[in-house]
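Structure data (mmCIF, C-alpha atoms) from coords.cif:
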```
data_start
#
loop_
_atom_site.label_atom_id
_atom_site.label_comp_id
_atom_site.auth_asym_id
_atom_site.auth_seq_id
_atom_site.Cartn_x
_atom_site.Cartn_y
_atom_site.Cartn_z
CA MET A 8 26.15 45.97 167.38
CA SER A 9 24.13 45.47 164.22
CA PHE A 10 21.96 42.37 163.86
CA ASP A 11 22.68 40.52 160.61
CA THR A 12 23.38 43.85 158.83
CA ASN A 13 19.73 44.93 158.37
CA GLY A 14 18.12 43.78 161.62
CA ILE A 15 16.64 40.65 160.02
CA ALA A 16 17.99 37.09 160.06
CA MET A 17 16.43 34.54 157.70
CA THR A 18 17.48 30.90 157.59
CA SER A 19 16.34 28.32 155.06
CA ILE A 20 16.16 24.71 156.21
CA GLY A 21 13.60 22.83 154.07
CA ILE A 22 10.93 23.76 151.54
CA THR A 23 8.88 25.68 154.10
CA ASP A 24 10.15 26.75 157.51
CA GLY A 25 8.59 28.51 160.49
CA ALA A 26 9.79 29.60 163.91
CA SER A 27 7.50 29.29 166.92
CA SER A 28 9.67 29.74 170.01
CA MET A 29 12.91 31.41 171.05
CA ALA A 30 15.25 31.49 174.05
CA ILE A 31 18.49 33.33 174.80
CA GLN A 32 21.40 31.49 176.37
CA GLU A 33 23.49 32.96 179.18
CA ASP A 34 26.24 33.71 176.63
CA GLY A 35 23.81 35.74 174.52
CA LYS A 36 23.38 33.20 171.75
CA ILE A 37 19.85 32.89 170.38
CA VAL A 38 18.13 29.52 170.04
CA VAL A 39 15.05 29.28 167.82
CA ALA A 40 12.74 26.27 167.43
CA GLY A 41 9.96 25.56 164.97
CA GLY A 42 9.17 23.28 162.08
CA THR A 43 10.42 22.56 158.61
CA TYR A 44 8.71 20.84 155.70
CA LEU A 45 11.19 18.65 153.89
CA PRO A 46 11.35 17.50 150.25
CA THR A 47 10.47 14.01 151.50
CA GLY A 48 6.95 15.32 152.17
CA SER A 49 7.06 15.29 155.96
CA GLY A 50 7.56 17.88 158.67
CA SER A 51 10.28 17.79 161.30
CA PHE A 52 11.42 19.67 164.37
CA ALA A 53 13.86 22.40 163.41
CA LEU A 54 16.34 24.08 165.73
CA VAL A 55 18.65 26.97 164.82
CA ARG A 56 21.21 28.92 166.85
CA TYR A 57 22.53 32.39 166.13
CA HIS A 58 25.31 34.53 167.52
CA PRO A 59 24.16 37.74 169.23
CA ASP A 60 24.85 39.58 165.96
CA GLY A 61 22.35 37.38 164.07
CA SER A 62 24.87 35.26 162.19
CA LEU A 63 24.48 31.49 162.27
CA ASP A 64 26.50 29.73 164.95
CA THR A 65 28.21 27.00 162.93
CA SER A 66 29.53 25.36 166.11
CA PHE A 67 25.91 24.26 166.63
CA SER A 68 25.37 20.94 164.85
CA ALA A 69 28.12 21.80 162.31
CA ASP A 70 26.06 24.34 160.33
CA GLY A 71 23.91 26.13 162.92
CA LYS A 72 20.84 23.98 162.21
CA THR A 73 19.39 20.76 163.62
CA ILE A 74 16.49 18.68 162.28
CA VAL A 75 14.74 16.04 164.42
CA ASP A 76 12.68 13.28 162.86
CA PHE A 77 10.35 11.16 165.01
CA GLY A 78 9.42 8.93 162.08
CA ALA A 79 6.17 10.70 161.25
CA SER A 80 5.43 14.38 160.59
CA GLU A 81 6.39 16.79 163.36
CA GLY A 82 6.39 20.41 164.40
CA ALA A 83 7.94 22.17 167.40
CA SER A 84 6.09 24.86 169.34
CA CYS A 85 8.22 25.54 172.42
CA LEU A 86 11.67 25.18 173.91
CA ALA A 87 13.49 25.52 177.22
CA ILE A 88 17.16 25.68 178.14
CA GLN A 89 18.28 23.68 181.16
CA SER A 90 20.78 25.01 183.68
CA ASP A 91 23.43 22.69 182.16
CA GLY A 92 22.88 24.23 178.72
CA LYS A 93 20.96 21.31 177.26
CA ILE A 94 18.00 22.31 175.10
CA LEU A 95 14.51 20.81 175.32
CA VAL A 96 12.14 21.14 172.36
CA GLY A 97 8.45 20.27 172.52
CA GLY A 98 5.67 19.89 169.96
CA TYR A 99 3.77 17.11 168.25
CA SER A 100 4.42 14.05 166.12
CA TYR A 101 1.61 13.21 163.70
CA SER A 102 0.81 10.05 161.76
CA ASN A 103 -2.37 8.63 160.23
CA THR A 104 -3.36 7.36 163.68
CA GLY A 105 -3.17 10.83 165.23
CA SER A 106 -0.59 12.92 167.06
CA THR A 107 1.35 12.54 170.28
CA PHE A 108 3.23 14.79 172.67
CA ALA A 109 6.77 14.98 171.27
CA LEU A 110 9.88 16.06 173.15
CA SER A 111 13.56 16.05 172.17
CA ARG A 112 16.66 17.06 174.08
CA HIS A 113 19.88 18.37 172.60
CA ASN A 114 23.37 18.82 173.96
CA PRO A 115 24.72 22.39 173.97
CA ASN A 116 26.40 21.66 170.61
CA GLY A 117 23.01 20.94 169.02
CA LYS A 118 23.48 17.19 168.70
CA ILE A 119 20.71 14.97 170.00
CA ASP A 120 21.25 13.89 173.63
CA SER A 121 21.22 10.08 173.56
CA THR A 122 21.01 9.92 177.37
CA PHE A 123 17.47 11.29 177.13
CA HIS A 124 15.00 8.42 176.75
CA HIS A 125 17.63 6.24 175.03
CA ASP A 126 17.66 8.14 171.71
CA GLY A 127 17.08 11.77 172.65
CA LYS A 128 13.37 11.70 171.82
CA VAL A 129 10.16 10.77 173.61
CA SER A 130 6.59 10.54 172.30
CA THR A 131 3.67 10.32 174.71
CA SER A 132 0.05 9.52 173.91
CA PHE A 133 -2.94 10.32 176.10
CA GLY A 134 -4.98 7.82 174.11
CA HIS A 135 -6.66 10.45 171.96
CA TYR A 136 -6.43 11.38 168.31
CA ILE A 137 -4.83 14.77 168.98
CA ASP A 138 -2.07 15.32 171.56
CA ALA A 139 0.23 18.34 171.20
CA VAL A 140 2.72 20.16 173.43
CA SER A 141 2.53 23.96 173.66
CA ALA A 142 4.63 24.74 176.74
CA ILE A 143 7.60 23.46 178.75
CA ALA A 144 8.55 24.31 182.33
CA LEU A 145 11.55 23.04 184.30
CA GLN A 146 11.22 22.18 187.97
CA ASP A 147 14.00 22.90 190.47
CA ASP A 148 14.45 19.15 191.03
CA GLY A 149 15.23 18.60 187.34
CA LYS A 150 11.86 17.17 186.38
CA ILE A 151 10.39 18.34 183.09
CA LEU A 152 6.79 19.49 182.83
CA VAL A 153 5.11 19.82 179.44
CA ALA A 154 1.58 20.94 178.65
CA GLY A 155 -0.81 21.39 175.77
CA ASP A 156 -4.06 19.82 174.67
CA SER A 157 -5.49 16.37 174.06
CA GLY A 158 -8.73 15.20 172.49
CA ASP A 159 -10.45 14.17 169.29
CA GLY A 160 -9.88 17.44 167.46
CA ILE A 161 -13.21 18.89 168.62
CA ASN A 162 -13.42 18.13 172.34
CA GLU A 163 -10.03 19.06 173.78
CA SER A 164 -8.75 19.17 177.37
CA PHE A 165 -5.95 20.85 179.29
CA SER A 166 -3.21 18.19 179.30
CA LEU A 167 0.07 17.89 181.18
CA ALA A 168 2.84 15.30 181.38
CA ARG A 169 5.85 15.17 183.66
CA TYR A 170 9.15 13.43 183.02
CA PHE A 171 12.24 12.69 185.03
CA SER A 172 15.43 14.32 183.75
CA ASP A 173 16.22 11.14 181.79
CA GLY A 174 12.99 11.41 179.78
CA GLU A 175 11.04 8.68 181.55
CA LEU A 176 7.49 9.51 182.66
CA ASP A 177 7.12 10.41 186.34
CA THR A 178 4.27 8.06 187.30
CA SER A 179 3.80 9.85 190.65
CA PHE A 180 2.30 12.74 188.69
CA GLY A 181 -1.42 12.51 187.93
CA ASN A 182 -2.44 9.21 186.37
CA GLY A 183 0.76 7.44 185.39
CA GLY A 184 2.52 10.72 184.63
CA LEU A 185 -0.39 12.34 182.76
CA VAL A 186 -3.10 14.84 183.71
CA MET A 187 -6.18 15.85 181.72
CA THR A 188 -8.62 18.57 182.79
CA SER A 189 -11.89 19.30 180.98
CA ILE A 190 -12.91 22.96 180.94
CA GLY A 191 -16.15 23.74 179.13
CA TYR A 192 -16.64 21.93 175.86
CA SER A 193 -13.04 22.20 174.69
CA ALA A 194 -9.83 23.69 176.08
CA GLY A 195 -6.07 23.79 175.60
CA ILE A 196 -3.02 25.08 177.46
CA SER A 197 -0.89 27.80 175.86
CA GLU A 198 1.60 28.50 178.63
CA LEU A 199 2.49 27.40 182.16
CA VAL A 200 4.59 28.52 185.09
CA ILE A 201 5.70 26.87 188.33
CA GLN A 202 5.22 28.77 191.59
CA PRO A 203 7.96 28.81 194.27
CA ASP A 204 5.84 26.40 196.33
CA GLY A 205 5.79 23.93 193.45
CA LYS A 206 2.21 24.53 192.39
CA ILE A 207 1.65 24.60 188.64
CA VAL A 208 -0.31 27.34 186.88
CA ALA A 209 -1.54 26.63 183.35
CA ALA A 210 -3.20 29.24 181.13
CA GLY A 211 -4.97 28.83 177.83
CA VAL A 212 -8.28 28.90 176.03
CA SER A 213 -11.69 27.36 176.55
CA TYR A 214 -14.78 27.04 174.41
CA ASP A 215 -18.35 26.17 175.37
CA PRO A 216 -21.13 26.47 172.77
CA PHE A 217 -23.78 25.73 175.38
CA ILE A 218 -23.27 28.88 177.47
CA SER A 219 -25.15 31.20 175.10
CA ASP A 220 -27.95 30.73 172.59
CA THR A 221 -26.77 33.65 170.46
CA ALA A 222 -23.02 33.18 170.17
CA PRO A 223 -20.71 30.63 171.82
CA PRO A 224 -18.44 32.53 174.23
CA SER A 225 -14.86 31.45 174.59
CA PRO A 226 -13.32 32.46 177.92
CA ALA A 227 -9.68 32.56 178.83
CA ALA A 228 -8.96 29.69 181.20
CA VAL A 229 -6.46 29.26 184.03
CA ALA A 230 -5.98 26.18 186.21
CA ARG A 231 -3.73 25.57 189.19
CA TYR A 232 -2.45 22.18 190.23
CA PHE A 233 -0.65 20.77 193.24
CA PRO A 234 2.83 19.35 192.51
CA ASP A 235 1.28 15.88 192.23
CA GLY A 236 -0.96 17.01 189.36
CA SER A 237 -4.24 17.24 191.27
CA LEU A 238 -6.28 20.44 190.97
CA ASP A 239 -5.83 22.97 193.77
CA PRO A 240 -9.36 23.59 195.12
CA THR A 241 -8.24 26.78 196.88
CA PHE A 242 -7.75 28.43 193.48
CA ALA A 243 -10.84 30.09 191.96
CA ASN A 244 -13.64 27.57 191.36
CA GLY A 245 -12.29 24.16 192.29
CA GLY A 246 -8.89 24.94 190.78
CA ILE A 247 -10.15 26.51 187.56
CA ALA A 248 -10.74 30.17 186.67
CA THR A 249 -12.48 31.31 183.47
CA VAL A 250 -12.46 34.94 182.41
CA PHE A 251 -14.97 36.29 179.89
CA ILE A 252 -13.88 39.34 177.91
CA GLY A 253 -16.20 40.00 174.99
CA LEU A 254 -17.26 36.83 173.24
CA GLU A 255 -13.88 35.28 172.58
CA ALA A 256 -10.80 35.39 174.78
CA GLY A 257 -7.62 33.38 175.04
CA ALA A 258 -4.70 33.38 177.45
CA SER A 259 -1.35 32.98 175.70
CA SER A 260 1.09 33.88 178.48
CA VAL A 261 1.28 33.75 182.27
CA ALA A 262 3.75 35.20 184.78
CA LEU A 263 4.15 35.45 188.55
CA GLN A 264 4.57 38.70 190.46
CA THR A 265 6.88 38.84 193.46
CA ASP A 266 3.81 39.07 195.72
CA GLY A 267 2.52 35.76 194.36
CA LYS A 268 -0.22 37.22 192.18
CA ILE A 269 -0.70 35.69 188.74
CA VAL A 270 -0.70 37.87 185.63
CA VAL A 271 -2.25 36.45 182.46
CA GLY A 272 -2.06 38.00 178.99
CA GLY A 273 -3.77 37.17 175.72
CA ASP A 274 -6.39 38.45 173.31
CA PHE A 275 -10.13 38.96 173.04
CA SER A 276 -12.78 39.80 170.48
CA SER A 277 -16.12 41.59 170.79
CA PHE A 278 -17.49 39.62 167.85
CA TYR A 279 -17.59 35.86 167.64
CA GLY A 280 -15.36 34.53 164.93
CA ILE A 281 -13.40 37.75 164.43
#
```
Structure rendered as structure tokens:
Amino acid sequence: MSFDTNGIAMTSIGITDGASSMAIQEDGKIVVAGGTYLPTGSGSFALVRYHPDGSLDTSFSADGKTIVDFGASEGASCLAIQSDGKILVGGYSYSNTGSTFALSRHNPNGKIDSTFHHDGKVSTSFGHYIDAVSAIALQDDGKILVAGDSGDGINESFSLARYFSDGELDTSFGNGGLVMTSIGYSAGISELVIQPDGKIVAAGVSYDPFISDTAPPSPAAVARYFPDGSLDPTFANGGIATVFIGLEAGASSVALQTDGKIVVGGDFSSFYGI
């Protein structure tokens, strides 16, 4: 089967569009999430679905495309498909007061799911200027775990939030449904995975300019949490592992082996700033 005749599918939504995450449904259809910059001057979540051959699935939101507006300027960075076919999209919603965690849920036909937090959308603030979602994981009990970073734009922390399946914060998790973990001077989560025992593994980047006088090393960072959001002290150093490879390193993906070992992938540089 050829994919959109030349192996490339391009879809225009607004003035400028970009894809950041993709998932494949059980029926082979391809769901892509990202952001679009509209003529109104703001950004929005963008969601597109394709047939396995790369053609737009026009049964999805009437034309294959869905735009979600939180009332500010938004961008999506990740998505997950629930076992019932509903689609979760995560990212940020930014206004002049800063950004918040942003999450929307869609029915299998692409339309917004109004049973999710009353209008299909939820925004969550950690009380900082910058809050942004980078990863979504679904628990077996239906709870939704999202992760990213929170801070003032310079000092960032690993940040996680957990919601019930209806979009309401699960206040039994961390502090009122939220968890923040400082690692070095600044850090952020790129990806997360849930172990069979319910423990949560988050991987990302860290930065600490005070480690070296010559060049500030940036280690890859991994943290493991108990299901209640508290750090697991049996993991590495008090629940946190940092890995130095060259001067700059970042973890962008994490996976579990069948023997329980954790595999982390990313990038590194031998020269700071390159």
Given the file shown, determine the residues that the PyMOL selection byres ((chain A and resi 94-110) around 7) selects; report them as a PDB file with C-alpha atoms, in the frame of the given file.
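Generated file (part-v2.pdb):
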```
ATOM      1  CA  PHE A  77      10.350  11.160 165.010  1.00  0.00           C
ATOM      2  CA  ALA A  79       6.170  10.700 161.250  1.00  0.00           C
ATOM      3  CA  SER A  80       5.430  14.380 160.590  1.00  0.00           C
ATOM      4  CA  GLU A  81       6.390  16.790 163.360  1.00  0.00           C
ATOM      5  CA  GLY A  82       6.390  20.410 164.400  1.00  0.00           C
ATOM      6  CA  ALA A  83       7.940  22.170 167.400  1.00  0.00           C
ATOM      7  CA  SER A  84       6.090  24.860 169.340  1.00  0.00           C
ATOM      8  CA  CYS A  85       8.220  25.540 172.420  1.00  0.00           C
ATOM      9  CA  LEU A  86      11.670  25.180 173.910  1.00  0.00           C
ATOM     10  CA  ALA A  87      13.490  25.520 177.220  1.00  0.00           C
ATOM     11  CA  ILE A  88      17.160  25.680 178.140  1.00  0.00           C
ATOM     12  CA  GLN A  89      18.280  23.680 181.160  1.00  0.00           C
ATOM     13  CA  GLY A  92      22.880  24.230 178.720  1.00  0.00           C
ATOM     14  CA  LYS A  93      20.960  21.310 177.260  1.00  0.00           C
ATOM     15  CA  SER A 111      13.560  16.050 172.170  1.00  0.00           C
ATOM     16  CA  ARG A 112      16.660  17.060 174.080  1.00  0.00           C
ATOM     17  CA  HIS A 113      19.880  18.370 172.600  1.00  0.00           C
ATOM     18  CA  ASN A 114      23.370  18.820 173.960  1.00  0.00           C
ATOM     19  CA  PRO A 115      24.720  22.390 173.970  1.00  0.00           C
ATOM     20  CA  LYS A 128      13.370  11.700 171.820  1.00  0.00           C
ATOM     21  CA  VAL A 129      10.160  10.770 173.610  1.00  0.00           C
ATOM     22  CA  SER A 130       6.590  10.540 172.300  1.00  0.00           C
ATOM     23  CA  THR A 131       3.670  10.320 174.710  1.00  0.00           C
ATOM     24  CA  SER A 132       0.050   9.520 173.910  1.00  0.00           C
ATOM     25  CA  TYR A 136      -6.430  11.380 168.310  1.00  0.00           C
ATOM     26  CA  ILE A 137      -4.830  14.770 168.980  1.00  0.00           C
ATOM     27  CA  ASP A 138      -2.070  15.320 171.560  1.00  0.00           C
ATOM     28  CA  ALA A 139       0.230  18.340 171.200  1.00  0.00           C
ATOM     29  CA  VAL A 140       2.720  20.160 173.430  1.00  0.00           C
ATOM     30  CA  SER A 141       2.530  23.960 173.660  1.00  0.00           C
TER      31      SER A 141
END
```
Atomic distance atom CA of Pro226 of chain A - atom CA of Leu238 of chain A, expressed in Å with one decimal: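 Atom CA of Leu238 of chain A lies 19.1 Å from atom CA of Pro226 of chain A.
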Could you tell me how far atom CA of Ser193 of chain A sits from atom CA of Gly181 of chain A, in Å to one decimal place?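 So the answer is 20.1 Å.
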Quick one: of A:Ser197, A:Ser51, A:Gly41, A:Gly183, who's nearest to Ala154 of chain A, counting all atoms listed in the file?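 Among the listed residues, A:Ser197 lies closest to Ala154 of chain A.
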Suppose a student applies the PyMOL selection byres ((chain A and resi 274) around 6) to this structure; what residues should they get, written as a ChimeraX atom specification? /A:256-257,273,275
Kindly add N, CA and C atoms to the incomplete segment 71-84 of chain A and provide the output as a PDB file, in the coordinates of the input.
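Final output, rebuild-v2.pdb:
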```pdb
ATOM      1  N   GLY A  71      24.837  25.213 162.244  1.00  0.00           N
ATOM      2  CA  GLY A  71      23.910  26.130 162.920  1.00  0.00           C
ATOM      3  C   GLY A  71      22.485  25.620 162.973  1.00  0.00           C
ATOM      4  N   LYS A  72      22.208  24.481 162.332  1.00  0.00           N
ATOM      5  CA  LYS A  72      20.840  23.980 162.210  1.00  0.00           C
ATOM      6  C   LYS A  72      20.750  22.502 162.600  1.00  0.00           C
ATOM      7  N   THR A  73      19.643  22.146 163.253  1.00  0.00           N
ATOM      8  CA  THR A  73      19.390  20.760 163.620  1.00  0.00           C
ATOM      9  C   THR A  73      17.969  20.387 163.223  1.00  0.00           C
ATOM     10  N   ILE A  74      17.801  19.214 162.630  1.00  0.00           N
ATOM     11  CA  ILE A  74      16.490  18.680 162.280  1.00  0.00           C
ATOM     12  C   ILE A  74      16.269  17.389 163.064  1.00  0.00           C
ATOM     13  N   VAL A  75      15.069  17.237 163.636  1.00  0.00           N
ATOM     14  CA  VAL A  75      14.740  16.040 164.420  1.00  0.00           C
ATOM     15  C   VAL A  75      13.550  15.352 163.786  1.00  0.00           C
ATOM     16  N   ASP A  76      13.727  14.082 163.481  1.00  0.00           N
ATOM     17  CA  ASP A  76      12.680  13.280 162.860  1.00  0.00           C
ATOM     18  C   ASP A  76      12.222  12.206 163.834  1.00  0.00           C
ATOM     19  N   PHE A  77      10.922  12.176 164.122  1.00  0.00           N
ATOM     20  CA  PHE A  77      10.350  11.160 165.010  1.00  0.00           C
ATOM     21  C   PHE A  77       9.783   9.984 164.214  1.00  0.00           C
ATOM     22  N   GLY A  78       9.925  10.009 162.901  1.00  0.00           N
ATOM     23  CA  GLY A  78       9.420   8.930 162.080  1.00  0.00           C
ATOM     24  C   GLY A  78       8.030   9.168 161.545  1.00  0.00           C
ATOM     25  N   ALA A  79       7.495  10.352 161.766  1.00  0.00           N
ATOM     26  CA  ALA A  79       6.170  10.700 161.250  1.00  0.00           C
ATOM     27  C   ALA A  79       6.270  12.096 160.652  1.00  0.00           C
ATOM     28  N   SER A  80       5.345  12.975 160.987  1.00  0.00           N
ATOM     29  CA  SER A  80       5.430  14.380 160.590  1.00  0.00           C
ATOM     30  C   SER A  80       5.321  15.218 161.852  1.00  0.00           C
ATOM     31  N   GLU A  81       6.292  16.100 162.078  1.00  0.00           N
ATOM     32  CA  GLU A  81       6.390  16.790 163.360  1.00  0.00           C
ATOM     33  C   GLU A  81       6.473  18.301 163.214  1.00  0.00           C
ATOM     34  N   GLY A  82       6.197  18.973 164.306  1.00  0.00           N
ATOM     35  CA  GLY A  82       6.390  20.410 164.400  1.00  0.00           C
ATOM     36  C   GLY A  82       6.670  20.781 165.833  1.00  0.00           C
ATOM     37  N   ALA A  83       7.582  21.719 166.056  1.00  0.00           N
ATOM     38  CA  ALA A  83       7.940  22.170 167.400  1.00  0.00           C
ATOM     39  C   ALA A  83       7.262  23.490 167.708  1.00  0.00           C
ATOM     40  N   SER A  84       6.804  23.642 168.942  1.00  0.00           N
ATOM     41  CA  SER A  84       6.090  24.860 169.340  1.00  0.00           C
ATOM     42  C   SER A  84       6.736  25.566 170.521  1.00  0.00           C
TER      43      SER A  84
END
```
